[in-house]
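Visitor: Mind looking over this structure? Questions follow.
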Number of protein chains: 2
Amino acid sequence: MENMTPAEVKTFLMGQVKTGKLATVRADGRPHVVPVWFTMDGDDLLFNTWHTSVKAKNMQRDPRVCICVDDEAPPFSFVQIEGTVTFSDDLAEIRHWATEIGGRYMGAEQAQAFGERNGVPGELLVRVTPTKILAKKNVSA
Amino acid sequence: MENMTPAEVKTFLMGQVKTGKLATVRADGRPHVVPVWFTMDGDDLLFNTWHTSVKAKNMQRDPRVCICVDDEAPPFSFVQIEGTVTFSDDLAEIRHWATEIGGRYMGAEQAQAFGERNGVPGELLVRVTPTKILAKKNVSA
C-alpha cells in the first residue's frame, strides 16, 4: 500500500467516473452514508442535494463530512476526504454545477436536462472544502 | 428509482464483487468512512479489521454503523445497511472468514494466504447485524 501523490488524487477523483460515498452524522449520533455524484472546483468537491434529505439535514446540523471514493478492483485504491461544507441556494450557481455533474455521470447529451431538473428552489449546492485527505493505492499489493 | 426486493439485495451484495463503504463516528463526532472487504453469513455482514484501526476504535465506542454498497454506472443502484456490530477475537473464526473474504476479493488461489495473514492476534472479526436496509435500483432512470 502506497500513498498517492496530489496529482494522482486529482486524476483518481476526476478521471474515470466514480461516485463519492458521503458520510454524515444523524441527530442521534448514528452514522449515515450514501452515494453522491460530485465534481470539483479547484480543491473543493461539489454536489447537489434536496434541502430536506437526510444528508442535507445532517450537514445543516454539523458541517463536518467524510467522503470516500474507491477503486473496487485489484490492486484496490481509495481516497478519503474529510472536510467541512457550505451551502448555496443560488439557482444560477446550482444549475451551472448540476449541469456539470449531470454531464459527468449521465453523458453530455443529458447534462442540460439534469441541470434544469436540479436547478430548482429547494435544491442545494454543497461545497466540501477538504481539511484532510488520505489517499492509498495498491492496497492489496 | 425503485426499491430492490430482498432477493435482489442479496444478489447485489454477494454477486459481482464490490467493496462496502463503512461509516462510523469518531470520538469528537466527526463521521468516518472507509472501504471494507466483506462477506455475508445469513443476513449479517462480516469483515476484518485491526483492533487499533480508526474504524475499530469507533465501533468499540459506538456499535452503530452504516454501510453503503453501490453500482457506480448508469442506471446506478445502491444498498445502504444500518446495523449494530459485535466483535470476535476467536482466531479460528477470524481465519475462516478472512479466508472467505480473501477468496472473494483476491481470487481463490490467494484465499488461504489472506486468511493466514489476517488470522492473527490483534485482528478482529466484525459482524454487522442489520437493523434497516434501504435498497434502490435504477436511480437515474
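Each chain in the C-alpha cells gets a letter, A, B and so on, in the order shown; residues start at 1 in every chain, and ligands are counted from 1 in the order they appear.
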Looking only at the backbone, which of the residues in segment 11-127 of chain A does DSSP tag as helix (DSSP H, G or I), as an MDAnalysis selection string?

Guide: chainID A and resid 11:14 54:61 91:106 108:118

Visitor: With C-alpha atoms kept, could you save the residues just selected as a tab-separated table (two decimals), in the first residue's frame?

Guide:
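Writing the result to part24.tsv gives the following:
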```
chain	number	residue	atom	x	y	z
A	11	THR	CA	-6.79	12.12	-11.53
A	12	PHE	CA	-8.40	9.49	-9.32
A	13	LEU	CA	-11.28	11.80	-8.38
A	14	MET	CA	-11.84	13.41	-11.77
A	54	VAL	CA	-31.22	13.05	5.46
A	55	LYS	CA	-27.74	14.13	4.37
A	56	ALA	CA	-28.81	17.78	3.99
A	57	LYS	CA	-30.32	17.85	7.46
A	58	ASN	CA	-27.23	16.17	8.91
A	59	MET	CA	-24.88	18.67	7.25
A	60	GLN	CA	-27.01	21.63	8.32
A	61	ARG	CA	-26.66	20.41	11.91
A	91	LEU	CA	-30.25	28.95	-8.65
A	92	ALA	CA	-27.81	30.01	-11.37
A	93	GLU	CA	-24.92	28.50	-9.44
A	94	ILE	CA	-26.84	25.32	-8.65
A	95	ARG	CA	-27.88	24.96	-12.29
A	96	HIS	CA	-24.32	25.51	-13.52
A	97	TRP	CA	-22.83	22.82	-11.32
A	98	ALA	CA	-25.75	20.42	-11.71
A	99	THR	CA	-25.21	20.60	-15.47
A	100	GLU	CA	-21.52	19.80	-15.00
A	101	ILE	CA	-22.33	16.91	-12.69
A	102	GLY	CA	-25.09	15.57	-14.92
A	103	GLY	CA	-22.72	15.55	-17.88
A	104	ARG	CA	-20.10	13.71	-15.90
A	105	TYR	CA	-22.38	10.89	-14.73
A	106	MET	CA	-25.04	10.71	-17.45
A	108	ALA	CA	-23.04	15.26	-22.34
A	109	GLU	CA	-26.38	14.80	-24.10
A	110	GLN	CA	-28.24	14.63	-20.76
A	111	ALA	CA	-26.25	17.32	-18.95
A	112	GLN	CA	-28.62	20.20	-19.61
A	113	ALA	CA	-31.75	18.27	-18.69
A	114	PHE	CA	-30.11	17.20	-15.45
A	115	GLY	CA	-29.06	20.78	-14.71
A	116	GLU	CA	-32.59	22.05	-15.26
A	117	ARG	CA	-34.19	19.32	-13.19
A	118	ASN	CA	-31.85	20.04	-10.28
```

Visitor: Select, as a CSV table (one decimal) with N, CA and C atoms, in the first residue's frame, those residues of chain A with any atom no more than 7 Å from chain B (distances computed using only C-alpha atoms).

Guide:
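Result file out_37.csv:
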```
chain,number,residue,atom,x,y,z
A,18,LYS,N,-16.5,7.9,-10.8
A,18,LYS,CA,-16.9,7.1,-9.7
A,18,LYS,C,-17.8,7.9,-8.8
A,19,THR,N,-18.6,7.3,-8.0
A,19,THR,CA,-19.5,8.0,-7.1
A,19,THR,C,-18.7,8.3,-5.8
A,23,ALA,N,-20.4,10.5,4.1
A,23,ALA,CA,-20.7,10.1,5.4
A,23,ALA,C,-21.0,11.3,6.3
A,24,THR,N,-22.1,11.3,7.0
A,24,THR,CA,-22.6,12.4,7.9
A,24,THR,C,-23.1,11.7,9.1
A,25,VAL,N,-23.5,12.5,10.1
A,25,VAL,CA,-23.9,12.0,11.4
A,25,VAL,C,-25.3,12.5,11.7
A,30,ARG,N,-26.0,8.4,15.1
A,30,ARG,CA,-25.7,7.3,14.2
A,30,ARG,C,-25.1,7.8,12.9
A,31,PRO,N,-24.1,7.0,12.3
A,31,PRO,CA,-23.5,7.4,11.1
A,31,PRO,C,-24.5,7.2,9.9
A,32,HIS,N,-24.3,7.9,8.8
A,32,HIS,CA,-25.2,7.8,7.6
A,32,HIS,C,-24.2,7.9,6.4
A,33,VAL,N,-24.4,7.0,5.4
A,33,VAL,CA,-23.6,7.1,4.2
A,33,VAL,C,-24.4,6.8,3.0
A,34,VAL,N,-24.3,7.6,2.0
A,34,VAL,CA,-25.0,7.4,0.7
A,34,VAL,C,-24.1,7.9,-0.4
A,64,ARG,N,-19.3,19.0,9.3
A,64,ARG,CA,-18.2,18.1,9.1
A,64,ARG,C,-18.6,16.8,8.4
A,65,VAL,N,-17.9,16.5,7.3
A,65,VAL,CA,-18.3,15.3,6.5
A,65,VAL,C,-17.0,14.5,6.2
A,66,CYS,N,-17.2,13.3,5.7
A,66,CYS,CA,-16.1,12.5,5.2
A,66,CYS,C,-16.6,11.8,3.9
A,67,ILE,N,-15.8,11.9,2.9
A,67,ILE,CA,-16.2,11.3,1.6
A,67,ILE,C,-15.2,10.2,1.2
A,68,CYS,N,-15.7,9.1,0.7
A,68,CYS,CA,-14.8,8.1,0.3
A,68,CYS,C,-15.1,7.7,-1.2
A,72,GLU,N,-12.7,-0.5,-6.8
A,72,GLU,CA,-13.2,-1.7,-6.2
A,72,GLU,C,-12.6,-3.0,-6.8
```

Visitor: Any idea what's packed within 6 Å of segment 38-49 of chain A, counting only C-alpha atoms, ignoring anything in its chain fewer than 6 positions away? Could you give it as a PDB file with N, CA and C atoms, in the first residue's frame?

Guide:
```pdb
ATOM      1  N   ILE A 101     -22.252  18.221 -13.349  1.00  0.00           N
ATOM      2  CA  ILE A 101     -22.335  16.912 -12.690  1.00  0.00           C
ATOM      3  C   ILE A 101     -23.157  15.941 -13.541  1.00  0.00           C
ATOM      4  N   GLU A 123     -33.454  22.883  -3.934  1.00  0.00           N
ATOM      5  CA  GLU A 123     -32.217  22.126  -4.154  1.00  0.00           C
ATOM      6  C   GLU A 123     -31.056  22.951  -3.593  1.00  0.00           C
ATOM      7  N   LEU A 124     -30.046  22.280  -3.082  1.00  0.00           N
ATOM      8  CA  LEU A 124     -28.871  22.958  -2.537  1.00  0.00           C
ATOM      9  C   LEU A 124     -27.622  22.518  -3.280  1.00  0.00           C
ATOM     10  N   LEU A 125     -26.686  23.459  -3.436  1.00  0.00           N
ATOM     11  CA  LEU A 125     -25.338  23.114  -3.881  1.00  0.00           C
ATOM     12  C   LEU A 125     -24.477  23.024  -2.619  1.00  0.00           C
ATOM     13  N   VAL A 126     -23.815  21.896  -2.464  1.00  0.00           N
ATOM     14  CA  VAL A 126     -22.973  21.667  -1.293  1.00  0.00           C
ATOM     15  C   VAL A 126     -21.511  21.727  -1.734  1.00  0.00           C
ATOM     16  N   ARG A 127     -20.732  22.539  -1.064  1.00  0.00           N
ATOM     17  CA  ARG A 127     -19.307  22.680  -1.365  1.00  0.00           C
ATOM     18  C   ARG A 127     -18.515  22.129  -0.179  1.00  0.00           C
ATOM     19  N   VAL A 128     -17.723  21.105  -0.450  1.00  0.00           N
ATOM     20  CA  VAL A 128     -16.890  20.486   0.578  1.00  0.00           C
ATOM     21  C   VAL A 128     -15.468  21.020   0.448  1.00  0.00           C
ATOM     22  N   THR A 129     -15.017  21.729   1.468  1.00  0.00           N
ATOM     23  CA  THR A 129     -13.635  22.204   1.490  1.00  0.00           C
ATOM     24  C   THR A 129     -12.814  21.215   2.310  1.00  0.00           C
TER      25      THR A 129
END
```

Visitor: Please report, as a PyMOL selection string, each residue of chain B to which DSSP assigns strand (DSSP E or B) when run on this structure's backbone.

Guide: chain B and resi 2-3+20-25+31-36+39-41+44-50+64-71+77-88+123-137

Visitor: Between atom CA of Pro121 of chain A and atom CA of Ser88 of chain A, what is the distance, to one decimal in Å?

Guide: 11.0 Å

Visitor: Rounded to one decimal, what separation in Å do you get between atom CA of Gly15 of chain A and atom CA of Met1 of chain B?

Guide: 26.4 Å

Visitor: Could you tell me how far atom CA of Ala7 of chain A lies from atom CA of Asn138 of chain A, in Å and to one decimal?

Guide: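 Atom-to-atom, atom CA of Ala7 of chain A and atom CA of Asn138 of chain A are spaced 16.1 Å apart.
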